[in-house]
$ cat final_18.txt   # compact mmCIF, C-alpha atoms
# COMPACT_ATOMS: atom_id res chain seq x y z
CA MET T 13 77.44 -17.51 -45.37
CA VAL T 14 75.71 -20.83 -46.09
CA ILE T 15 77.77 -24.00 -46.63
CA LYS T 16 76.10 -27.39 -46.99
CA ILE T 17 76.61 -30.94 -48.15
CA VAL T 18 73.26 -32.29 -49.25
CA THR T 19 71.57 -35.01 -51.27
CA ASP T 20 70.27 -32.57 -53.84
CA VAL T 21 71.53 -29.08 -54.52
CA ASP T 22 68.85 -26.55 -55.42
CA LEU T 23 69.33 -23.35 -57.40
CA ASN T 24 66.37 -21.57 -55.81
CA GLU T 25 67.64 -22.36 -52.35
CA ALA T 26 71.04 -20.93 -53.30
CA TYR T 27 69.49 -17.80 -54.81
CA GLN T 28 67.42 -17.31 -51.66
CA TYR T 29 70.56 -17.19 -49.52
CA LEU T 30 72.06 -14.54 -51.82
CA GLN T 31 69.40 -11.88 -51.27
CA ALA T 32 70.88 -8.67 -49.90
CA PRO T 33 69.77 -5.08 -50.42
CA GLY T 34 73.37 -4.01 -50.90
CA ALA T 35 74.01 -6.55 -53.65
CA GLY T 36 73.98 -5.44 -57.27
CA GLY T 37 75.69 -8.45 -58.81
CA ILE T 38 75.14 -12.13 -58.12
CA ASP T 39 77.25 -14.80 -59.79
CA LEU T 40 76.11 -18.40 -59.57
CA PHE T 41 78.14 -21.36 -60.77
CA VAL T 42 76.35 -24.67 -61.23
CA GLY T 43 78.42 -27.77 -61.91
CA THR T 44 76.35 -30.43 -63.65
CA VAL T 45 76.92 -34.02 -64.77
CA ARG T 46 78.26 -33.99 -68.33
CA ASP T 47 77.48 -36.86 -70.68
CA HIS T 48 81.12 -37.36 -71.61
CA ALA T 49 84.57 -37.31 -70.03
CA LYS T 50 87.94 -38.08 -71.57
CA GLY T 51 86.24 -39.25 -74.77
CA LYS T 52 83.96 -41.72 -73.00
CA LYS T 53 80.22 -41.67 -72.52
CA VAL T 54 79.30 -40.99 -68.89
CA VAL T 55 76.25 -42.78 -67.48
CA LYS T 56 76.27 -41.35 -63.95
CA LEU T 57 78.48 -40.00 -61.19
CA VAL T 58 78.63 -40.98 -57.55
CA PHE T 59 79.90 -38.46 -55.01
CA GLU T 60 81.26 -39.32 -51.60
CA ALA T 61 82.35 -36.79 -48.97
CA TYR T 62 84.20 -36.79 -45.69
CA ALA T 63 81.50 -34.41 -44.58
CA PRO T 64 82.82 -32.84 -41.35
CA MET T 65 86.18 -32.11 -42.95
CA ALA T 66 84.65 -31.05 -46.27
CA LEU T 67 82.50 -28.47 -44.48
CA LYS T 68 85.55 -27.18 -42.60
CA GLU T 69 87.56 -26.87 -45.81
CA MET T 70 84.69 -25.12 -47.60
CA GLN T 71 84.47 -22.72 -44.66
CA LYS T 72 88.19 -21.92 -44.98
CA ILE T 73 87.82 -21.21 -48.70
CA ALA T 74 84.77 -19.04 -48.06
CA GLU T 75 86.65 -17.04 -45.42
CA ALA T 76 89.58 -16.58 -47.79
CA ALA T 77 87.18 -15.23 -50.44
CA GLN T 78 85.59 -12.86 -47.94
CA GLN T 79 89.00 -11.49 -47.02
CA GLN T 80 89.89 -10.93 -50.66
CA TRP T 81 86.64 -9.40 -51.95
CA PRO T 82 83.84 -7.30 -50.43
CA LEU T 83 81.04 -9.88 -50.45
CA GLU T 84 77.48 -9.41 -49.23
CA LYS T 85 76.53 -13.10 -49.29
CA LEU T 86 78.14 -16.41 -50.14
CA VAL T 87 76.73 -19.90 -50.62
CA MET T 88 78.39 -23.24 -51.34
CA LEU T 89 76.24 -26.34 -51.79
CA HIS T 90 77.67 -29.73 -52.77
CA ALA T 91 75.71 -32.90 -53.47
CA VAL T 92 76.61 -36.44 -52.47
CA GLY T 93 75.26 -39.73 -53.79
CA GLU T 94 74.30 -40.75 -57.30
CA LYS T 95 73.84 -38.05 -59.94
CA LEU T 96 72.62 -38.56 -63.49
CA VAL T 97 73.54 -36.63 -66.65
CA GLY T 98 72.25 -33.05 -66.45
CA GLU T 99 71.77 -33.04 -62.69
CA PRO T 100 73.48 -30.30 -60.66
CA VAL T 101 76.18 -31.45 -58.24
CA VAL T 102 77.62 -28.23 -56.92
CA ILE T 103 76.32 -24.66 -56.66
CA ILE T 104 78.53 -21.74 -55.72
CA GLY T 105 76.95 -18.32 -55.36
CA VAL T 106 78.26 -14.92 -54.43
CA ALA T 107 76.48 -11.59 -54.05
CA SER T 108 78.43 -8.35 -54.04
CA ALA T 109 77.80 -4.66 -54.62
CA HIS T 110 79.66 -4.92 -57.93
CA ARG T 111 79.98 -7.69 -60.48
CA ASP T 112 83.76 -7.74 -60.56
CA ALA T 113 83.96 -9.11 -57.04
CA ALA T 114 81.08 -11.52 -57.64
CA PHE T 115 82.68 -13.10 -60.72
CA SER T 116 86.18 -13.25 -59.22
CA ALA T 117 85.07 -14.71 -55.91
CA CYS T 118 82.77 -17.28 -57.52
CA ARG T 119 85.58 -18.46 -59.77
CA PHE T 120 88.01 -18.61 -56.84
CA LEU T 121 85.55 -20.63 -54.73
CA ILE T 122 84.91 -23.35 -57.30
CA ASP T 123 88.60 -23.59 -58.25
CA GLU T 124 89.68 -23.96 -54.62
CA LEU T 125 86.87 -26.37 -53.82
CA LYS T 126 88.16 -28.69 -56.51
CA LYS T 127 91.68 -28.56 -55.07
CA THR T 128 91.23 -29.11 -51.36
CA VAL T 129 87.74 -30.21 -50.30
CA PRO T 130 87.58 -33.93 -49.44
CA ILE T 131 84.87 -34.97 -51.85
CA TRP T 132 85.37 -37.78 -54.35
CA LYS T 133 83.69 -38.43 -57.67
CA LYS T 134 83.38 -41.83 -59.32
CA GLU T 135 82.59 -41.68 -63.01
CA PHE T 136 80.52 -44.55 -64.40
CA TYR T 137 80.93 -45.23 -68.11
CA GLU T 138 79.07 -47.86 -70.09
CA ASP T 139 81.70 -50.53 -69.44
CA ASN T 140 83.57 -49.51 -66.29
CA SER T 141 84.01 -46.86 -63.59
CA VAL T 142 86.85 -44.72 -62.31
CA TRP T 143 87.56 -42.57 -59.26
CA VAL T 144 88.41 -39.26 -60.91
CA ASN T 145 91.98 -37.95 -60.33
CA ALA T 146 92.97 -41.03 -58.31
CA HIS T 147 95.78 -42.06 -60.64
CA PRO T 148 98.37 -40.03 -62.54
CA MET E 25 70.22 -19.30 -77.66
CA VAL E 26 67.42 -17.46 -75.87
CA ILE E 27 67.35 -13.64 -75.81
CA LYS E 28 64.42 -11.74 -74.33
CA ILE E 29 63.29 -8.40 -73.02
CA VAL E 30 60.58 -9.01 -70.45
CA THR E 31 58.68 -7.45 -67.58
CA ASP E 32 60.17 -9.84 -65.04
CA VAL E 33 63.31 -11.91 -65.43
CA ASP E 34 63.16 -15.36 -63.85
CA LEU E 35 66.13 -17.43 -62.68
CA ASN E 36 64.33 -20.75 -63.14
CA GLU E 37 63.37 -19.88 -66.67
CA ALA E 38 67.00 -19.02 -67.43
CA TYR E 39 68.28 -22.24 -65.85
CA GLN E 40 65.75 -24.22 -67.89
CA TYR E 41 67.18 -22.86 -71.13
CA LEU E 42 70.69 -23.87 -70.05
CA GLN E 43 70.05 -27.60 -69.79
CA ALA E 44 72.34 -29.60 -72.09
CA PRO E 45 73.77 -33.09 -71.62
CA GLY E 46 77.15 -31.87 -72.86
CA ALA E 47 77.33 -29.08 -70.29
CA GLY E 48 79.43 -29.51 -67.17
CA GLY E 49 79.61 -25.88 -66.08
CA ILE E 50 76.87 -23.27 -65.98
CA ASP E 51 77.58 -19.70 -65.00
CA LEU E 52 74.66 -17.40 -64.23
CA PHE E 53 74.96 -13.70 -63.59
CA VAL E 54 72.03 -11.93 -61.98
CA GLY E 55 72.05 -8.15 -61.82
CA THR E 56 69.80 -6.88 -59.03
CA VAL E 57 68.68 -3.48 -57.77
CA ARG E 58 71.11 -2.26 -55.11
CA ASP E 59 69.93 -0.01 -52.29
CA HIS E 60 72.66 2.55 -52.88
CA ALA E 61 74.53 4.22 -55.74
CA LYS E 62 77.15 6.95 -55.65
CA GLY E 63 76.59 7.36 -51.93
CA LYS E 64 72.83 7.89 -52.22
CA LYS E 65 69.97 5.70 -51.12
CA VAL E 66 68.19 4.13 -54.10
CA VAL E 67 64.43 3.69 -53.87
CA LYS E 68 63.77 2.07 -57.24
CA LEU E 69 64.97 1.83 -60.82
CA VAL E 70 63.02 2.22 -64.02
CA PHE E 71 64.28 0.54 -67.19
CA GLU E 72 63.36 1.55 -70.70
CA ALA E 73 64.47 -0.27 -73.86
CA TYR E 74 64.44 0.33 -77.58
CA ALA E 75 63.37 -3.27 -77.78
CA PRO E 76 63.85 -4.25 -81.47
CA MET E 77 67.35 -2.76 -81.50
CA ALA E 78 68.21 -4.05 -78.03
CA LEU E 79 67.36 -7.60 -79.10
CA LYS E 80 69.51 -7.21 -82.23
CA GLU E 81 72.45 -5.91 -80.20
CA MET E 82 72.10 -8.71 -77.66
CA GLN E 83 72.05 -11.18 -80.55
CA LYS E 84 75.31 -9.74 -81.89
CA ILE E 85 76.97 -10.01 -78.49
CA ALA E 86 75.73 -13.58 -78.11
CA GLU E 87 77.12 -14.53 -81.52
CA ALA E 88 80.46 -12.95 -80.66
CA ALA E 89 80.59 -15.05 -77.48
CA GLN E 90 79.74 -18.20 -79.38
CA GLN E 91 82.57 -17.54 -81.79
CA GLN E 92 85.04 -17.02 -78.98
CA TRP E 93 84.10 -19.91 -76.67
CA PRO E 94 82.62 -23.40 -77.16
CA LEU E 95 79.17 -22.85 -75.64
CA GLU E 96 76.37 -25.38 -75.33
CA LYS E 97 73.65 -22.90 -74.37
CA LEU E 98 73.31 -19.18 -73.83
CA VAL E 99 70.55 -17.05 -72.36
CA MET E 100 70.17 -13.28 -71.94
CA LEU E 101 67.08 -11.88 -70.21
CA HIS E 102 66.62 -8.18 -69.46
CA ALA E 103 63.74 -6.59 -67.60
CA VAL E 104 62.00 -3.31 -68.40
CA GLY E 105 59.75 -1.20 -66.20
CA GLU E 106 59.94 -0.42 -62.51
CA LYS E 107 62.20 -2.53 -60.30
CA LEU E 108 62.53 -2.31 -56.53
CA VAL E 109 65.58 -2.95 -54.33
CA GLY E 110 66.55 -6.63 -54.46
CA GLU E 111 64.65 -7.41 -57.64
CA PRO E 112 66.57 -8.98 -60.55
CA VAL E 113 66.86 -6.86 -63.68
CA VAL E 114 69.16 -8.88 -65.91
CA ILE E 115 70.10 -12.55 -66.09
CA ILE E 116 72.93 -13.84 -68.24
CA GLY E 117 73.55 -17.58 -68.38
CA VAL E 118 76.02 -19.75 -70.23
CA ALA E 119 76.45 -23.53 -70.29
CA SER E 120 79.65 -25.08 -71.53
CA ALA E 121 81.51 -28.37 -71.23
CA HIS E 122 84.07 -26.68 -68.99
CA ARG E 123 83.80 -23.89 -66.45
CA ASP E 124 86.53 -21.73 -67.96
CA ALA E 125 84.43 -20.97 -71.02
CA ALA E 126 81.27 -20.53 -68.96
CA PHE E 127 82.82 -17.92 -66.64
CA SER E 128 84.62 -16.04 -69.43
CA ALA E 129 81.63 -15.92 -71.76
CA CYS E 130 79.22 -14.87 -69.01
CA ARG E 131 81.50 -12.04 -67.97
CA PHE E 132 81.94 -10.95 -71.59
CA LEU E 133 78.18 -10.96 -72.20
CA ILE E 134 77.26 -8.73 -69.25
CA ASP E 135 80.19 -6.37 -69.89
CA GLU E 136 79.23 -5.94 -73.56
CA LEU E 137 75.53 -5.66 -72.79
CA LYS E 138 76.28 -2.67 -70.58
CA LYS E 139 78.28 -1.01 -73.36
CA THR E 140 76.12 -1.30 -76.44
CA VAL E 141 72.56 -2.50 -75.80
CA PRO E 142 70.02 0.38 -76.00
CA ILE E 143 68.49 0.04 -72.56
CA TRP E 144 68.32 2.94 -70.14
CA LYS E 145 68.13 2.99 -66.38
CA LYS E 146 66.70 5.81 -64.30
CA GLU E 147 67.74 5.74 -60.66
CA PHE E 148 65.23 7.13 -58.16
CA TYR E 149 66.68 8.41 -54.90
CA GLU E 150 64.70 9.81 -51.99
CA ASP E 151 64.85 13.38 -53.30
CA ASN E 152 65.45 13.17 -57.05
CA SER E 153 66.11 10.86 -60.01
CA VAL E 154 68.82 10.52 -62.65
CA TRP E 155 69.27 8.75 -65.98
CA VAL E 156 72.41 6.72 -65.29
CA ASN E 157 75.47 7.55 -67.46
CA ALA E 158 73.64 10.37 -69.26
CA HIS E 159 76.05 13.09 -68.20
CA PRO E 160 79.83 13.12 -67.83
CA MET D 21 61.12 12.77 -90.62
CA GLU D 22 60.00 11.33 -87.29
CA ILE D 23 62.58 10.08 -84.84
CA LEU D 24 62.21 7.83 -81.80
CA LEU D 25 63.32 9.10 -78.40
CA PHE D 26 64.33 7.18 -75.29
CA GLY D 27 65.53 7.86 -71.78
CA ILE D 28 66.89 11.31 -71.18
CA THR D 29 66.38 12.45 -74.79
CA ARG D 30 62.68 11.68 -74.44
CA GLU D 31 62.61 13.95 -71.38
CA ILE D 32 64.69 16.69 -73.04
CA VAL D 33 62.39 16.85 -76.04
CA GLY D 34 59.26 16.15 -74.04
CA GLY D 35 57.81 13.23 -76.00
CA SER D 36 58.64 9.77 -77.26
CA THR D 37 58.85 10.90 -80.88
CA LEU D 38 60.04 14.09 -82.51
CA THR D 39 58.99 15.30 -85.92
CA VAL D 40 62.01 16.84 -87.58
CA GLU D 41 61.07 19.46 -90.20
CA PRO D 42 64.30 21.10 -91.32
CA GLU D 43 64.44 24.10 -93.65
CA GLN D 44 67.00 22.21 -95.74
CA PRO D 45 66.92 18.41 -96.07
CA LEU D 46 69.14 16.51 -93.59
CA GLU D 47 71.17 14.11 -95.72
CA THR D 48 73.29 12.39 -93.11
CA VAL D 49 73.25 11.29 -89.50
CA GLY D 50 75.86 13.96 -88.76
CA GLN D 51 73.57 16.67 -90.14
CA LEU D 52 70.70 15.38 -88.02
CA LYS D 53 72.90 15.50 -84.92
CA ASN D 54 73.84 19.12 -85.65
CA TRP D 55 70.23 20.05 -86.23
CA LEU D 56 69.25 18.50 -82.88
CA ALA D 57 72.12 20.11 -81.01
CA ASP D 58 71.14 23.55 -82.31
CA ARG D 59 67.57 23.18 -81.14
CA TYR D 60 68.13 21.28 -77.88
CA PRO D 61 71.17 22.61 -76.04
CA ALA D 62 70.63 19.98 -73.32
CA ILE D 63 71.57 17.33 -75.86
CA LYS D 64 75.04 18.83 -76.12
CA LYS D 65 75.56 18.21 -72.42
CA LEU D 66 75.10 14.43 -72.69
CA SER D 67 78.13 12.16 -72.34
CA SER D 68 77.45 10.95 -75.88
CA LEU D 69 74.68 10.70 -78.43
CA ALA D 70 74.37 7.99 -81.04
CA ILE D 71 71.84 7.63 -83.81
CA ALA D 72 70.34 4.34 -84.89
CA VAL D 73 69.03 3.91 -88.41
CA ASP D 74 66.78 0.91 -88.87
CA SER D 75 67.81 -0.28 -85.42
CA GLU D 76 71.55 -0.33 -86.12
CA TYR D 77 74.12 2.14 -84.85
CA ALA D 78 74.90 4.57 -87.70
CA ASP D 79 77.97 6.80 -88.00
CA ASP D 80 77.89 10.48 -88.94
CA ALA D 81 78.36 9.77 -92.65
CA HIS D 82 75.42 7.39 -92.78
CA PRO D 83 72.85 8.69 -95.32
CA LEU D 84 69.29 9.43 -94.25
CA ALA D 85 66.45 8.45 -96.55
CA PRO D 86 62.66 8.37 -96.34
CA GLY D 87 61.13 5.28 -94.77
CA GLN D 88 63.99 4.62 -92.35
CA GLU D 89 63.39 4.14 -88.64
CA VAL D 90 65.61 6.68 -86.93
CA ALA D 91 66.20 6.77 -83.17
CA LEU D 92 68.29 8.81 -80.75
CA ILE D 93 70.47 6.66 -78.49
CA PRO D 94 71.68 8.56 -75.42
CA PRO D 95 74.33 6.85 -73.24
CA VAL D 96 73.06 3.34 -72.49
CA SER D 97 72.84 2.05 -68.92
CA GLY D 98 71.31 -1.41 -69.06
CA GLY D 99 72.31 -4.31 -66.84
CA MET A 8 94.06 -47.02 -34.18
CA GLU A 9 91.11 -46.93 -36.52
CA ILE A 10 91.26 -44.80 -39.66
CA LEU A 11 88.49 -43.57 -41.94
CA LEU A 12 88.60 -44.48 -45.62
CA PHE A 13 86.97 -42.76 -48.60
CA GLY A 14 86.77 -43.13 -52.34
CA ILE A 15 89.43 -45.30 -53.91
CA THR A 16 91.18 -46.02 -50.60
CA ARG A 17 87.93 -47.48 -49.28
CA GLU A 18 87.90 -49.80 -52.28
CA ILE A 19 91.59 -50.68 -52.02
CA VAL A 20 91.27 -51.68 -48.37
CA GLY A 21 87.78 -53.10 -48.78
CA GLY A 22 85.92 -51.25 -46.03
CA SER A 23 85.11 -47.79 -44.80
CA THR A 24 87.38 -48.09 -41.77
CA LEU A 25 90.71 -49.82 -41.21
CA THR A 26 92.00 -50.92 -37.85
CA VAL A 27 95.72 -50.27 -37.79
CA GLU A 28 97.57 -52.55 -35.39
CA PRO A 29 101.26 -51.97 -35.91
CA GLU A 30 104.03 -54.02 -34.24
CA GLN A 31 105.66 -50.77 -33.20
CA PRO A 32 103.62 -47.64 -32.40
CA LEU A 33 103.18 -45.19 -35.30
CA GLU A 34 104.17 -41.83 -33.92
CA THR A 35 103.68 -39.59 -36.93
CA VAL A 36 101.56 -39.20 -40.03
CA GLY A 37 104.63 -40.06 -42.10
CA GLN A 38 105.05 -43.36 -40.28
CA LEU A 39 101.39 -44.19 -40.84
CA LYS A 40 101.77 -43.49 -44.55
CA ASN A 41 104.76 -45.83 -44.76
CA TRP A 42 102.92 -48.53 -42.84
CA LEU A 43 99.97 -48.27 -45.26
CA ALA A 44 102.15 -48.24 -48.35
CA ASP A 45 103.90 -51.43 -47.20
CA ARG A 46 100.62 -53.28 -46.73
CA TYR A 47 98.63 -51.86 -49.66
CA PRO A 48 100.80 -51.52 -52.76
CA ALA A 49 97.83 -50.04 -54.65
CA ILE A 50 98.07 -46.99 -52.39
CA LYS A 51 101.52 -46.24 -53.79
CA LYS A 52 100.02 -45.96 -57.28
CA LEU A 53 97.71 -43.08 -56.36
CA SER A 54 98.48 -39.57 -57.64
CA SER A 55 98.78 -38.48 -54.02
CA LEU A 56 97.70 -39.46 -50.53
CA ALA A 57 97.06 -37.06 -47.70
CA ILE A 58 96.17 -37.78 -44.09
CA ALA A 59 93.69 -35.78 -42.08
CA VAL A 60 93.95 -35.66 -38.31
CA ASP A 61 90.83 -34.40 -36.53
CA SER A 62 89.50 -33.34 -39.95
CA GLU A 63 92.46 -31.12 -40.85
CA TYR A 64 95.17 -31.88 -43.40
CA ALA A 65 98.26 -33.04 -41.47
CA ASP A 66 101.84 -33.12 -42.75
CA ASP A 67 104.23 -36.05 -42.32
CA ALA A 68 105.70 -34.68 -39.10
CA HIS A 69 102.29 -34.36 -37.45
CA PRO A 70 102.21 -36.50 -34.27
CA LEU A 71 99.62 -39.23 -33.86
CA ALA A 72 97.98 -39.70 -30.49
CA PRO A 73 95.12 -41.78 -29.09
CA GLY A 74 91.67 -40.31 -29.47
CA GLN A 75 92.34 -38.52 -32.76
CA GLU A 76 90.11 -38.98 -35.78
CA VAL A 77 92.42 -40.04 -38.59
CA ALA A 78 91.35 -40.31 -42.24
CA LEU A 79 93.00 -41.14 -45.55
CA ILE A 80 92.44 -38.48 -48.20
CA PRO A 81 93.10 -39.79 -51.71
CA PRO A 82 93.15 -37.21 -54.56
CA VAL A 83 89.97 -35.16 -54.25
CA SER A 84 87.61 -34.70 -57.19
CA GLY A 85 84.63 -32.70 -55.99
CA GLY A 86 82.81 -30.07 -58.00

$ encode --input "final_18.txt" --output "structure tokens"
Amino acid sequence: MVIKIVTDVDLNEAYQYLQAPGAGGIDLFVGTVRDHAKGKKVVKLVFEAYAPMALKEMQKIAEAAQQQWPLEKLVMLHAVGEKLVGEPVVIIGVASAHRDAAFSACRFLIDELKKTVPIWKKEFYEDNSVWVNAHP
Amino acid sequence: MVIKIVTDVDLNEAYQYLQAPGAGGIDLFVGTVRDHAKGKKVVKLVFEAYAPMALKEMQKIAEAAQQQWPLEKLVMLHAVGEKLVGEPVVIIGVASAHRDAAFSACRFLIDELKKTVPIWKKEFYEDNSVWVNAHP
Amino acid sequence: MEILLFGITREIVGGSTLTVEPEQPLETVGQLKNWLADRYPAIKKLSSLAIAVDSEYADDAHPLAPGQEVALIPPVSGG
Amino acid sequence: MEILLFGITREIVGGSTLTVEPEQPLETVGQLKNWLADRYPAIKKLSSLAIAVDSEYADDAHPLAPGQEVALIPPVSGG
């Protein structure tokens, strides 16, 4: 199990960690910076993390996934700092003997990450910027 | 939309095709050679395709996915020839504005590919070999 | 008529193409399937057998005509 | 007591840490939340506010003690 908060997330690095002779299915989710949000043009994102706690929370989610599905390997990489349109910000990867578990676990991991892991995203539009989810 | 039957599938190539400024979620499925099947040790796989028809069938599946979900990009790569344990044999990738569509479409594409695309897999064990699914 | 063979059907017949020379013309996909089953009992043991005409799945009623590309499609196992 | 600030709470307070010097000791997470809400009305407008003690989410009843690492956790938005 590899869990990291880094400046740049890398797909090849993630894929490397997912190698296992018993794995037949690997699902990789890559979250990237989209050029629009809520009808506005997005220029860039800035991510900030409370790193020690974020790593702990990611670890908890990963353990929950491992209890629920038979996983060979698991990787969670999240970027911090400034990210431009098209750049990857988060990579979740799961290797399992069968694809069912890989898809389900990967989906679970990204959904839970978004709910509990102390990482914050500021969206910069052409005219202003907003901390995502901060206000109702 | 990129659909190919190739000697070696490549994750970076697939990821390249999935770049789109409107994409926020990319889901990649990589099918790899597992070291066991039905309780037996697998030494290698050999894939054979009826390529012109396989490409047509993959195209149909891709179009069905595009009708069902709002997709920015879609890639399906399938290998032919001999593949050893750990090697990737199929890569399915989908980029969409939101992760829901990316996960659902990716899952749909690999499930359908396994049902209809004329590609055949021979599993080589230590003592014999079998065309997968051939017999009840 | 020459038909393309793949996977286990290639091994059953012992070649990647088979020249079909029936006594009476085979007019449909269904008739071709029966002709094959009579000559290659191993084909009857497969989980399923489909026929593609011009690289599209064709049902039993599908007519056969000269110049078509015909292929046997044993149970697929890609992915 | 010094608390760590992130995201919008860092901007509301205007710094990445806040030294909390209450007139009366804050004994629980709930009391700290009330103290903050009184001094920073903008905090009350957030969708939610959690407190982490020693890098774990802590509920309102959680006791505060010297030597703990305390952090404000505004609504998260990773991924």

$ closest_atom_pairs --input "final_18.txt" --of "chain E" --to "chain T" --cutoff "6 Å" --atoms "all atoms listed in the file" --output "tab-separated table"
residue	atom	partner	partner_atom	distance
E:Pro45	CA	T:Asp47	CA	5.4
E:Gly46	CA	T:Arg46	CA	5.1
E:Ala47	CA	T:Arg46	CA	5.4
E:Gly48	CA	T:Thr44	CA	4.8
E:Gly49	CA	T:Gly43	CA	4.7
E:Ile50	CA	T:Val42	CA	5.0
E:Asp51	CA	T:Phe41	CA	4.6
E:Leu52	CA	T:Leu40	CA	5.0
E:Phe53	CA	T:Asp39	CA	4.6
E:Val54	CA	T:Ile38	CA	5.0
E:Gly55	CA	T:Gly37	CA	4.7
E:Thr56	CA	T:Gly36	CA	4.8
E:Val57	CA	T:Gly36	CA	5.7
E:Arg58	CA	T:Gly36	CA	4.8
E:Asp59	CA	T:Pro33	CA	5.4
E:Gly110	CA	T:Pro33	CA	5.4

$ interface_residues --input "final_18.txt" --of "chain E" --to "chain D" --cutoff "9 Å" --atoms "only C-alpha atoms" --output "number ranges by chain"
E: 55-56, 71-74, 76-78, 80-81, 102-103, 113-115, 134-135, 137-146, 154-160

$ write_last_selection --input "final_18.txt" --atoms "C-alpha atoms" --output "PDB file, in the frame of the given file"
ATOM      1  CA  GLY E  55      72.050  -8.150 -61.820  1.00  0.00           C
ATOM      2  CA  THR E  56      69.800  -6.880 -59.030  1.00  0.00           C
ATOM      3  CA  PHE E  71      64.280   0.540 -67.190  1.00  0.00           C
ATOM      4  CA  GLU E  72      63.360   1.550 -70.700  1.00  0.00           C
ATOM      5  CA  ALA E  73      64.470  -0.270 -73.860  1.00  0.00           C
ATOM      6  CA  TYR E  74      64.440   0.330 -77.580  1.00  0.00           C
ATOM      7  CA  PRO E  76      63.850  -4.250 -81.470  1.00  0.00           C
ATOM      8  CA  MET E  77      67.350  -2.760 -81.500  1.00  0.00           C
ATOM      9  CA  ALA E  78      68.210  -4.050 -78.030  1.00  0.00           C
ATOM     10  CA  LYS E  80      69.510  -7.210 -82.230  1.00  0.00           C
ATOM     11  CA  GLU E  81      72.450  -5.910 -80.200  1.00  0.00           C
ATOM     12  CA  HIS E 102      66.620  -8.180 -69.460  1.00  0.00           C
ATOM     13  CA  ALA E 103      63.740  -6.590 -67.600  1.00  0.00           C
ATOM     14  CA  VAL E 113      66.860  -6.860 -63.680  1.00  0.00           C
ATOM     15  CA  VAL E 114      69.160  -8.880 -65.910  1.00  0.00           C
ATOM     16  CA  ILE E 115      70.100 -12.550 -66.090  1.00  0.00           C
ATOM     17  CA  ILE E 134      77.260  -8.730 -69.250  1.00  0.00           C
ATOM     18  CA  ASP E 135      80.190  -6.370 -69.890  1.00  0.00           C
ATOM     19  CA  LEU E 137      75.530  -5.660 -72.790  1.00  0.00           C
ATOM     20  CA  LYS E 138      76.280  -2.670 -70.580  1.00  0.00           C
ATOM     21  CA  LYS E 139      78.280  -1.010 -73.360  1.00  0.00           C
ATOM     22  CA  THR E 140      76.120  -1.300 -76.440  1.00  0.00           C
ATOM     23  CA  VAL E 141      72.560  -2.500 -75.800  1.00  0.00           C
ATOM     24  CA  PRO E 142      70.020   0.380 -76.000  1.00  0.00           C
ATOM     25  CA  ILE E 143      68.490   0.040 -72.560  1.00  0.00           C
ATOM     26  CA  TRP E 144      68.320   2.940 -70.140  1.00  0.00           C
ATOM     27  CA  LYS E 145      68.130   2.990 -66.380  1.00  0.00           C
ATOM     28  CA  LYS E 146      66.700   5.810 -64.300  1.00  0.00           C
ATOM     29  CA  VAL E 154      68.820  10.520 -62.650  1.00  0.00           C
ATOM     30  CA  TRP E 155      69.270   8.750 -65.980  1.00  0.00           C
ATOM     31  CA  VAL E 156      72.410   6.720 -65.290  1.00  0.00           C
ATOM     32  CA  ASN E 157      75.470   7.550 -67.460  1.00  0.00           C
ATOM     33  CA  ALA E 158      73.640  10.370 -69.260  1.00  0.00           C
ATOM     34  CA  HIS E 159      76.050  13.090 -68.200  1.00  0.00           C
ATOM     35  CA  PRO E 160      79.830  13.120 -67.830  1.00  0.00           C
TER      36      PRO E 160
END

$ atom_distance --input "final_18.txt" --atom1 "atom CA of T:Glu124" --atom2 "atom CA of T:Gly93"
21.4 Å

$ residues_around --input "final_18.txt" --residues "stretch 48-50 of chain D" --least-positions-apart "3" --cutoff "12 Å" --atoms "only C-alpha atoms" --output "MDAnalysis selection string"
chainID D and resid 23 44:45 53:57 69:73 77:86 88 90:92

$ atom_distance --input "final_18.txt" --atom1 "atom CA of D:Arg59" --atom2 "atom CA of E:Val70"
27.4 Å

$ atom_distance --input "final_18.txt" --atom1 "atom CA of T:Val21" --atom2 "atom CA of T:Lys95"
10.7 Å

$ axis_aligned_box --input "final_18.txt" --around "stretch 75-85 of chain A" --padding-each-side "4 Å" --output "AutoDock Vina command-line options"
--center_x 88.9 --center_y -36.9 --center_z -45.0 --size_x 16.5 --size_y 16.4 --size_z 32.4

$ residues_around --input "final_18.txt" --residues "D:Met21" --least-positions-apart "5" --cutoff "8 Å" --atoms "only C-alpha atoms" --output "MDAnalysis selection string"
chainID D and resid 39:41 86
